>>> print(open('input.csv').read())   # CSV, N, CA and C atoms
chain,number,residue,atom,x,y,z
A,24,MET,N,0.8,-1.2,0.0
A,24,MET,CA,0.0,0.0,0.0
A,24,MET,C,0.9,1.3,0.0
A,25,ASN,N,2.0,1.2,0.7
A,25,ASN,CA,2.9,2.4,0.8
A,25,ASN,C,3.4,2.7,-0.6
A,26,VAL,N,3.7,1.7,-1.4
A,26,VAL,CA,4.2,2.0,-2.8
A,26,VAL,C,3.2,2.8,-3.6
A,27,TRP,N,1.9,2.4,-3.5
A,27,TRP,CA,0.9,3.2,-4.2
A,27,TRP,C,0.7,4.6,-3.7
A,28,ILE,N,0.9,4.8,-2.5
A,28,ILE,CA,0.8,6.2,-1.9
A,28,ILE,C,2.0,7.0,-2.5
A,29,ALA,N,3.2,6.4,-2.5
A,29,ALA,CA,4.4,7.1,-3.0
A,29,ALA,C,4.2,7.4,-4.5
A,30,ILE,N,3.6,6.4,-5.3
A,30,ILE,CA,3.4,6.7,-6.7
A,30,ILE,C,2.4,7.8,-6.9
A,31,ALA,N,1.3,7.8,-6.1
A,31,ALA,CA,0.3,8.9,-6.2
A,31,ALA,C,0.9,10.2,-5.9
A,32,LEU,N,1.7,10.3,-4.8
A,32,LEU,CA,2.3,11.5,-4.4
A,32,LEU,C,3.3,12.0,-5.5
A,33,THR,N,4.0,11.1,-6.0
A,33,THR,CA,5.0,11.5,-7.1
A,33,THR,C,4.3,12.0,-8.3
A,34,ALA,N,3.2,11.3,-8.7
A,34,ALA,CA,2.4,11.8,-9.9
A,34,ALA,C,1.8,13.2,-9.6
A,35,ALA,N,1.3,13.4,-8.4
A,35,ALA,CA,0.7,14.7,-8.1
A,35,ALA,C,1.8,15.8,-8.0
A,36,GLY,N,3.0,15.4,-7.5
A,36,GLY,CA,4.1,16.4,-7.5
A,36,GLY,C,4.5,16.7,-8.9
A,37,CYS,N,4.6,15.8,-9.8
A,37,CYS,CA,5.0,16.0,-11.2
A,37,CYS,C,4.0,16.9,-11.9
A,38,TYR,N,2.7,16.7,-11.6
A,38,TYR,CA,1.7,17.5,-12.2
A,38,TYR,C,1.8,19.0,-11.7
A,39,LEU,N,2.0,19.1,-10.4
A,39,LEU,CA,2.1,20.5,-9.8
A,39,LEU,C,3.3,21.2,-10.3
A,40,VAL,N,4.5,20.5,-10.5
A,40,VAL,CA,5.7,21.2,-11.1
A,40,VAL,C,5.4,21.6,-12.5
A,41,LYS,N,4.7,20.8,-13.3
A,41,LYS,CA,4.3,21.2,-14.6
A,41,LYS,C,3.4,22.4,-14.6
A,42,LEU,N,2.4,22.4,-13.7
A,42,LEU,CA,1.4,23.5,-13.6
A,42,LEU,C,2.1,24.8,-13.2
A,43,VAL,N,3.1,24.7,-12.3
A,43,VAL,CA,3.8,25.9,-11.9
A,43,VAL,C,4.6,26.4,-13.1
A,44,GLY,N,5.2,25.5,-13.9
A,44,GLY,CA,6.0,25.9,-15.0
A,44,GLY,C,5.1,26.6,-16.1
A,45,LEU,N,3.9,26.2,-16.2
A,45,LEU,CA,2.9,26.9,-17.1
A,45,LEU,C,2.5,28.3,-16.6
A,46,LEU,N,2.5,28.4,-15.3
A,46,LEU,CA,2.1,29.7,-14.7
A,46,LEU,C,3.1,30.8,-14.6
A,47,VAL,N,4.4,30.4,-14.9
A,47,VAL,CA,5.5,31.4,-14.9
A,47,VAL,C,5.3,32.3,-16.0
A,48,PRO,N,5.4,33.6,-15.8
A,48,PRO,CA,5.3,34.6,-16.9
A,48,PRO,C,6.4,34.5,-17.9
A,49,ALA,N,6.1,34.7,-19.2
A,49,ALA,CA,7.0,34.6,-20.2
A,49,ALA,C,8.2,35.5,-20.1
A,50,GLY,N,8.0,36.7,-19.5
A,50,GLY,CA,9.1,37.6,-19.3
A,50,GLY,C,10.1,37.1,-18.4
A,51,ALA,N,9.8,36.3,-17.4
A,51,ALA,CA,10.7,35.7,-16.5
A,51,ALA,C,11.6,34.7,-17.1
A,52,LEU,N,11.0,34.0,-18.1
A,52,LEU,CA,11.8,33.0,-18.8
A,52,LEU,C,12.7,33.5,-19.9
A,53,GLU,N,12.5,34.8,-20.3
A,53,GLU,CA,13.4,35.4,-21.3
A,53,GLU,C,14.6,36.1,-20.7
A,54,ARG,N,14.8,36.1,-19.4
A,54,ARG,CA,16.0,36.7,-18.9
A,54,ARG,C,17.2,35.9,-19.2
A,55,PRO,N,18.3,36.6,-19.4
A,55,PRO,CA,19.6,35.9,-19.8
A,55,PRO,C,20.0,34.9,-18.8
A,56,LEU,N,19.9,35.2,-17.5
A,56,LEU,CA,20.4,34.3,-16.5
A,56,LEU,C,19.5,33.0,-16.5
A,57,VAL,N,18.2,33.2,-16.6
A,57,VAL,CA,17.4,32.0,-16.7
A,57,VAL,C,17.7,31.1,-17.9
A,58,GLN,N,17.9,31.7,-19.0
A,58,GLN,CA,18.2,31.0,-20.2
A,58,GLN,C,19.5,30.3,-20.1
A,59,ARG,N,20.5,30.9,-19.5
A,59,ARG,CA,21.8,30.3,-19.3
A,59,ARG,C,21.7,29.1,-18.4
A,60,LEU,N,21.0,29.3,-17.3
A,60,LEU,CA,20.8,28.2,-16.3
A,60,LEU,C,20.0,27.0,-17.0
A,61,ALA,N,19.0,27.3,-17.8
A,61,ALA,CA,18.3,26.3,-18.5
A,61,ALA,C,19.1,25.5,-19.5
A,62,ALA,N,20.1,26.2,-20.0
A,62,ALA,CA,21.0,25.5,-21.0
A,62,ALA,C,22.0,24.6,-20.3
A,63,LEU,N,22.5,25.1,-19.1
A,63,LEU,CA,23.5,24.3,-18.4
A,63,LEU,C,23.0,23.3,-17.4
A,64,LEU,N,21.8,23.4,-16.9
A,64,LEU,CA,21.3,22.5,-15.9
A,64,LEU,C,21.3,21.1,-16.4
A,65,PRO,N,20.8,20.7,-17.6
A,65,PRO,CA,20.8,19.3,-18.0
A,65,PRO,C,22.2,18.7,-18.0
A,66,VAL,N,23.1,19.5,-18.5
A,66,VAL,CA,24.5,19.0,-18.6
A,66,VAL,C,25.0,18.7,-17.2
A,67,ALA,N,24.8,19.6,-16.2
A,67,ALA,CA,25.2,19.4,-14.8
A,67,ALA,C,24.6,18.2,-14.2
A,68,LEU,N,23.3,18.0,-14.4
A,68,LEU,CA,22.6,16.9,-13.9
A,68,LEU,C,23.1,15.5,-14.5
A,69,LEU,N,23.3,15.5,-15.8
A,69,LEU,CA,23.8,14.3,-16.4
A,69,LEU,C,25.2,14.0,-15.9
A,70,ALA,N,26.1,15.0,-15.8
A,70,ALA,CA,27.4,14.8,-15.2
A,70,ALA,C,27.4,14.2,-13.8
A,71,ALA,N,26.5,14.8,-13.0
A,71,ALA,CA,26.4,14.3,-11.6
A,71,ALA,C,25.8,12.8,-11.6
A,72,LEU,N,24.9,12.5,-12.5
A,72,LEU,CA,24.4,11.2,-12.5
A,72,LEU,C,25.5,10.2,-13.0
A,73,THR,N,26.2,10.6,-14.0
A,73,THR,CA,27.3,9.8,-14.5
A,73,THR,C,28.4,9.5,-13.4
A,74,ALA,N,28.7,10.5,-12.7
A,74,ALA,CA,29.7,10.4,-11.7
A,74,ALA,C,29.2,9.5,-10.6
A,75,GLN,N,28.0,9.6,-10.2
A,75,GLN,CA,27.4,8.8,-9.1
A,75,GLN,C,27.3,7.4,-9.5
A,76,GLN,N,26.9,7.1,-10.8
A,76,GLN,CA,26.8,5.7,-11.2
A,76,GLN,C,28.1,5.1,-11.5
A,77,THR,N,29.2,5.9,-11.8
A,77,THR,CA,30.5,5.4,-12.1
A,77,THR,C,31.3,5.1,-10.8
A,78,PHE,N,31.3,6.0,-9.9
A,78,PHE,CA,32.2,6.0,-8.8
A,78,PHE,C,31.5,5.6,-7.4
A,79,GLY,N,30.2,5.5,-7.4
A,79,GLY,CA,29.5,5.2,-6.2
A,79,GLY,C,29.0,3.8,-6.1
A,80,ALA,N,29.1,3.3,-4.9
A,80,ALA,CA,28.6,2.0,-4.6
A,80,ALA,C,28.1,2.0,-3.1
A,81,GLY,N,26.8,2.4,-3.0
A,81,GLY,CA,26.3,2.6,-1.7
A,81,GLY,C,26.8,3.9,-1.1
A,82,SER,N,27.5,3.7,0.0
A,82,SER,CA,28.1,4.9,0.7
A,82,SER,C,29.6,4.9,0.5
A,83,THR,N,30.2,4.1,-0.4
A,83,THR,CA,31.6,4.1,-0.6
A,83,THR,C,31.9,4.6,-2.1
A,84,VAL,N,33.2,5.0,-2.2
A,84,VAL,CA,33.6,5.4,-3.5
A,84,VAL,C,34.6,4.3,-4.0
A,85,LEU,N,34.4,3.9,-5.3
A,85,LEU,CA,35.3,2.8,-5.8
A,85,LEU,C,35.7,3.1,-7.2
A,86,LEU,N,36.8,2.6,-7.6
A,86,LEU,CA,37.3,2.7,-8.9
A,86,LEU,C,37.3,1.3,-9.5
A,87,ASP,N,36.6,1.1,-10.6
A,87,ASP,CA,36.6,-0.2,-11.2
A,87,ASP,C,36.6,-0.1,-12.7
A,88,ALA,N,36.1,-1.0,-13.4
A,88,ALA,CA,36.1,-1.0,-14.9
A,88,ALA,C,35.3,0.2,-15.5
A,89,ARG,N,34.3,0.6,-14.8
A,89,ARG,CA,33.5,1.7,-15.2
A,89,ARG,C,34.3,3.0,-15.3
A,90,ALA,N,35.2,3.2,-14.3
A,90,ALA,CA,36.0,4.4,-14.3
A,90,ALA,C,37.0,4.4,-15.5
A,91,ALA,N,37.5,3.2,-15.8
A,91,ALA,CA,38.4,3.1,-17.0
A,91,ALA,C,37.6,3.4,-18.3
A,92,GLY,N,36.4,2.9,-18.4
A,92,GLY,CA,35.6,3.2,-19.6
A,92,GLY,C,35.3,4.7,-19.7
A,93,LEU,N,35.0,5.3,-18.5
A,93,LEU,CA,34.7,6.8,-18.5
A,93,LEU,C,36.0,7.6,-18.9
A,94,ALA,N,37.1,7.1,-18.5
A,94,ALA,CA,38.4,7.8,-18.9
A,94,ALA,C,38.6,7.6,-20.4
A,95,ALA,N,38.3,6.5,-20.9
A,95,ALA,CA,38.5,6.3,-22.4
A,95,ALA,C,37.5,7.2,-23.1
A,96,ALA,N,36.3,7.3,-22.6
A,96,ALA,CA,35.3,8.2,-23.3
A,96,ALA,C,35.8,9.7,-23.2
A,97,ALA,N,36.4,10.0,-22.1
A,97,ALA,CA,36.9,11.4,-22.0
A,97,ALA,C,38.0,11.7,-22.9
A,98,VAL,N,38.9,10.7,-23.1
A,98,VAL,CA,40.0,10.9,-24.1
A,98,VAL,C,39.4,11.0,-25.5
A,99,ALA,N,38.5,10.2,-25.8
A,99,ALA,CA,37.9,10.2,-27.1
A,99,ALA,C,37.2,11.6,-27.4
A,100,LEU,N,36.6,12.1,-26.3
A,100,LEU,CA,35.9,13.4,-26.5
A,100,LEU,C,37.0,14.5,-26.7
A,101,VAL,N,38.1,14.4,-25.9
A,101,VAL,CA,39.1,15.4,-26.1
A,101,VAL,C,39.7,15.4,-27.5
A,102,LEU,N,39.7,14.2,-28.1
A,102,LEU,CA,40.2,14.0,-29.5
A,102,LEU,C,39.2,14.3,-30.5
A,103,ARG,N,38.0,14.8,-30.0
A,103,ARG,CA,36.9,15.2,-30.9
A,103,ARG,C,36.4,14.0,-31.8
A,104,ALA,N,36.3,12.9,-31.2
A,104,ALA,CA,35.7,11.7,-31.9
A,104,ALA,C,34.2,11.8,-32.0
A,105,PRO,N,33.6,11.2,-33.0
A,105,PRO,CA,32.2,11.2,-33.1
A,105,PRO,C,31.6,10.4,-31.9
A,106,PHE,N,30.3,10.7,-31.7
A,106,PHE,CA,29.6,10.1,-30.5
A,106,PHE,C,29.7,8.6,-30.5
A,107,LEU,N,29.4,8.0,-31.6
A,107,LEU,CA,29.5,6.5,-31.6
A,107,LEU,C,30.8,6.0,-31.3
A,108,VAL,N,31.9,6.7,-31.7
A,108,VAL,CA,33.3,6.2,-31.4
A,108,VAL,C,33.5,6.4,-29.9
A,109,VAL,N,33.0,7.5,-29.3
A,109,VAL,CA,33.2,7.7,-27.8
A,109,VAL,C,32.5,6.6,-27.1
A,110,VAL,N,31.3,6.3,-27.4
A,110,VAL,CA,30.6,5.2,-26.7
A,110,VAL,C,31.3,3.8,-27.0
A,111,GLY,N,31.7,3.6,-28.2
A,111,GLY,CA,32.4,2.3,-28.5
A,111,GLY,C,33.7,2.2,-27.7
A,112,ALA,N,34.4,3.3,-27.6
A,112,ALA,CA,35.7,3.3,-26.8
A,112,ALA,C,35.4,3.0,-25.4
A,113,ALA,N,34.4,3.6,-24.8
A,113,ALA,CA,34.0,3.3,-23.4
A,113,ALA,C,33.6,1.9,-23.2
A,114,VAL,N,32.8,1.4,-24.1
A,114,VAL,CA,32.4,0.0,-24.0
A,114,VAL,C,33.5,-1.0,-24.1
A,115,ALA,N,34.4,-0.8,-25.1
A,115,ALA,CA,35.5,-1.7,-25.3
A,115,ALA,C,36.5,-1.7,-24.2
A,116,VAL,N,36.8,-0.5,-23.6
A,116,VAL,CA,37.7,-0.4,-22.5
A,116,VAL,C,37.1,-1.0,-21.3
A,117,THR,N,35.9,-0.8,-21.0
A,117,THR,CA,35.2,-1.4,-19.8
A,117,THR,C,35.2,-2.9,-20.0
A,118,ALA,N,34.8,-3.4,-21.1
A,118,ALA,CA,34.8,-4.8,-21.3
A,118,ALA,C,36.2,-5.4,-21.2
A,119,GLY,N,37.2,-4.7,-21.7
A,119,GLY,CA,38.6,-5.2,-21.7
A,119,GLY,C,39.1,-5.3,-20.2
A,120,VAL,N,38.8,-4.3,-19.5
A,120,VAL,CA,39.2,-4.3,-18.1
A,120,VAL,C,38.5,-5.3,-17.3
A,121,ARG,N,37.2,-5.5,-17.5
A,121,ARG,CA,36.5,-6.6,-16.8
A,121,ARG,C,37.0,-8.0,-17.2
A,122,ALA,N,37.4,-8.1,-18.5
A,122,ALA,CA,37.9,-9.4,-19.0
A,122,ALA,C,39.2,-9.7,-18.3
A,123,LEU,N,40.0,-8.7,-18.0
A,123,LEU,CA,41.3,-8.9,-17.3
A,123,LEU,C,41.1,-9.2,-15.8
A,124,GLY,N,39.9,-9.0,-15.3
A,124,GLY,CA,39.5,-9.4,-14.0
A,124,GLY,C,39.8,-8.3,-13.0
A,125,TRP,N,39.9,-7.0,-13.4
A,125,TRP,CA,40.1,-5.9,-12.5
A,125,TRP,C,38.8,-5.4,-12.0
>>> encode(input="input.csv", output="structure tokens")
Amino acid sequence: MNVWIAIALTAAGCYLVKLVGLLVPAGALERPLVQRLAALLPVALLAALTAQQTFGAGSTVLLDARAAGLAAAAVALVLRAPFLVVVGAAVAVTAGVRALGW
């Protein structure tokens, strides 16, 4: 029963956030600071999610094959590789490190 209460509260919360977004005046959304934050916020959230999923395991920080794959992706990005090459490099390095047993 508690799960359904949590689902209902989450759905109501999402609806209220969407409603508040619709009620914000257009002039407030056209400010340069708001536009800059709106452009940078998704990147920051994705970076935080990536870091948490790569280096976090409960309440500990660990380095494993995922960190090596992320480093390979970072190198590919610095070299301005296409997106599929970046993903492929990360997958290949992560699989290689795991195959070596690290």
>>> atom_distance(input="input.csv", atom1="atom N of Gln75 (chain A)", atom2="atom N of Asp87 (chain A)")
12.1 Å
>>> select_by_dssp(input="input.csv", residues="region 71-111 of chain A", states="strand (DSSP E)", output="ChimeraX atom specification")
/A:79-80,83-84
>>> residues_around(input="input.csv", residues="Ala90 (chain A)", least_positions_apart="3", cutoff="8 Å", atoms="all atoms listed in the file", output="count of residues only")
12
>>> closest_residue(input="input.csv", among="A:Leu123, A:Ala51, A:Leu39, A:Leu45", to="Ala88 (chain A)", atoms="only C-alpha atoms")
A:Leu123
>>> residues_around(input="input.csv", residues="region 106-111 of chain A", least_positions_apart="6", cutoff="9 Å", atoms="only C-alpha atoms", output="PyMOL selection string")
chain A and resi 92+95-100
>>> build_atoms(input="input.csv", residues="region 69-83 of chain A", atoms="N, CA, C and O atoms", output="JSON list (two decimals), in the coordinates of the input")
[["chain", "number", "residue", "atom", "x", "y", "z"],
["A", 69, "LEU", "N", 23.30, 15.50, -15.80],
["A", 69, "LEU", "CA", 23.80, 14.30, -16.40],
["A", 69, "LEU", "C", 25.20, 14.00, -15.90],
["A", 69, "LEU", "O", 25.58, 12.84, -15.72],
["A", 70, "ALA", "N", 26.10, 15.00, -15.80],
["A", 70, "ALA", "CA", 27.40, 14.80, -15.20],
["A", 70, "ALA", "C", 27.40, 14.20, -13.80],
["A", 70, "ALA", "O", 28.12, 13.31, -13.47],
["A", 71, "ALA", "N", 26.50, 14.80, -13.00],
["A", 71, "ALA", "CA", 26.40, 14.30, -11.60],
["A", 71, "ALA", "C", 25.80, 12.80, -11.60],
["A", 71, "ALA", "O", 26.34, 11.99, -10.84],
["A", 72, "LEU", "N", 24.90, 12.50, -12.50],
["A", 72, "LEU", "CA", 24.40, 11.20, -12.50],
["A", 72, "LEU", "C", 25.50, 10.20, -13.00],
["A", 72, "LEU", "O", 25.61, 9.09, -12.47],
["A", 73, "THR", "N", 26.20, 10.60, -14.00],
["A", 73, "THR", "CA", 27.30, 9.80, -14.50],
["A", 73, "THR", "C", 28.40, 9.50, -13.40],
["A", 73, "THR", "O", 28.81, 8.38, -13.25],
["A", 74, "ALA", "N", 28.70, 10.50, -12.70],
["A", 74, "ALA", "CA", 29.70, 10.40, -11.70],
["A", 74, "ALA", "C", 29.20, 9.50, -10.60],
["A", 74, "ALA", "O", 29.94, 8.61, -10.06],
["A", 75, "GLN", "N", 28.00, 9.60, -10.20],
["A", 75, "GLN", "CA", 27.40, 8.80, -9.10],
["A", 75, "GLN", "C", 27.30, 7.40, -9.50],
["A", 75, "GLN", "O", 27.63, 6.46, -8.76],
["A", 76, "GLN", "N", 26.90, 7.10, -10.80],
["A", 76, "GLN", "CA", 26.80, 5.70, -11.20],
["A", 76, "GLN", "C", 28.10, 5.10, -11.50],
["A", 76, "GLN", "O", 28.28, 3.88, -11.41],
["A", 77, "THR", "N", 29.20, 5.90, -11.80],
["A", 77, "THR", "CA", 30.50, 5.40, -12.10],
["A", 77, "THR", "C", 31.30, 5.10, -10.80],
["A", 77, "THR", "O", 31.93, 4.06, -10.69],
["A", 78, "PHE", "N", 31.30, 6.00, -9.90],
["A", 78, "PHE", "CA", 32.20, 6.00, -8.80],
["A", 78, "PHE", "C", 31.50, 5.60, -7.40],
["A", 78, "PHE", "O", 32.14, 5.39, -6.45],
["A", 79, "GLY", "N", 30.20, 5.50, -7.40],
["A", 79, "GLY", "CA", 29.50, 5.20, -6.20],
["A", 79, "GLY", "C", 29.00, 3.80, -6.10],
["A", 79, "GLY", "O", 28.57, 3.18, -7.05],
["A", 80, "ALA", "N", 29.10, 3.30, -4.90],
["A", 80, "ALA", "CA", 28.60, 2.00, -4.60],
["A", 80, "ALA", "C", 28.10, 2.00, -3.10],
["A", 80, "ALA", "O", 28.80, 1.83, -2.19],
["A", 81, "GLY", "N", 26.80, 2.40, -3.00],
["A", 81, "GLY", "CA", 26.30, 2.60, -1.70],
["A", 81, "GLY", "C", 26.80, 3.90, -1.10],
["A", 81, "GLY", "O", 26.71, 4.93, -1.65],
["A", 82, "SER", "N", 27.50, 3.70, 0.00],
["A", 82, "SER", "CA", 28.10, 4.90, 0.70],
["A", 82, "SER", "C", 29.60, 4.90, 0.50],
["A", 82, "SER", "O", 30.32, 5.73, 1.12],
["A", 83, "THR", "N", 30.20, 4.10, -0.40],
["A", 83, "THR", "CA", 31.60, 4.10, -0.60],
["A", 83, "THR", "C", 31.90, 4.60, -2.10],
["A", 83, "THR", "O", 31.08, 4.51, -2.95]]
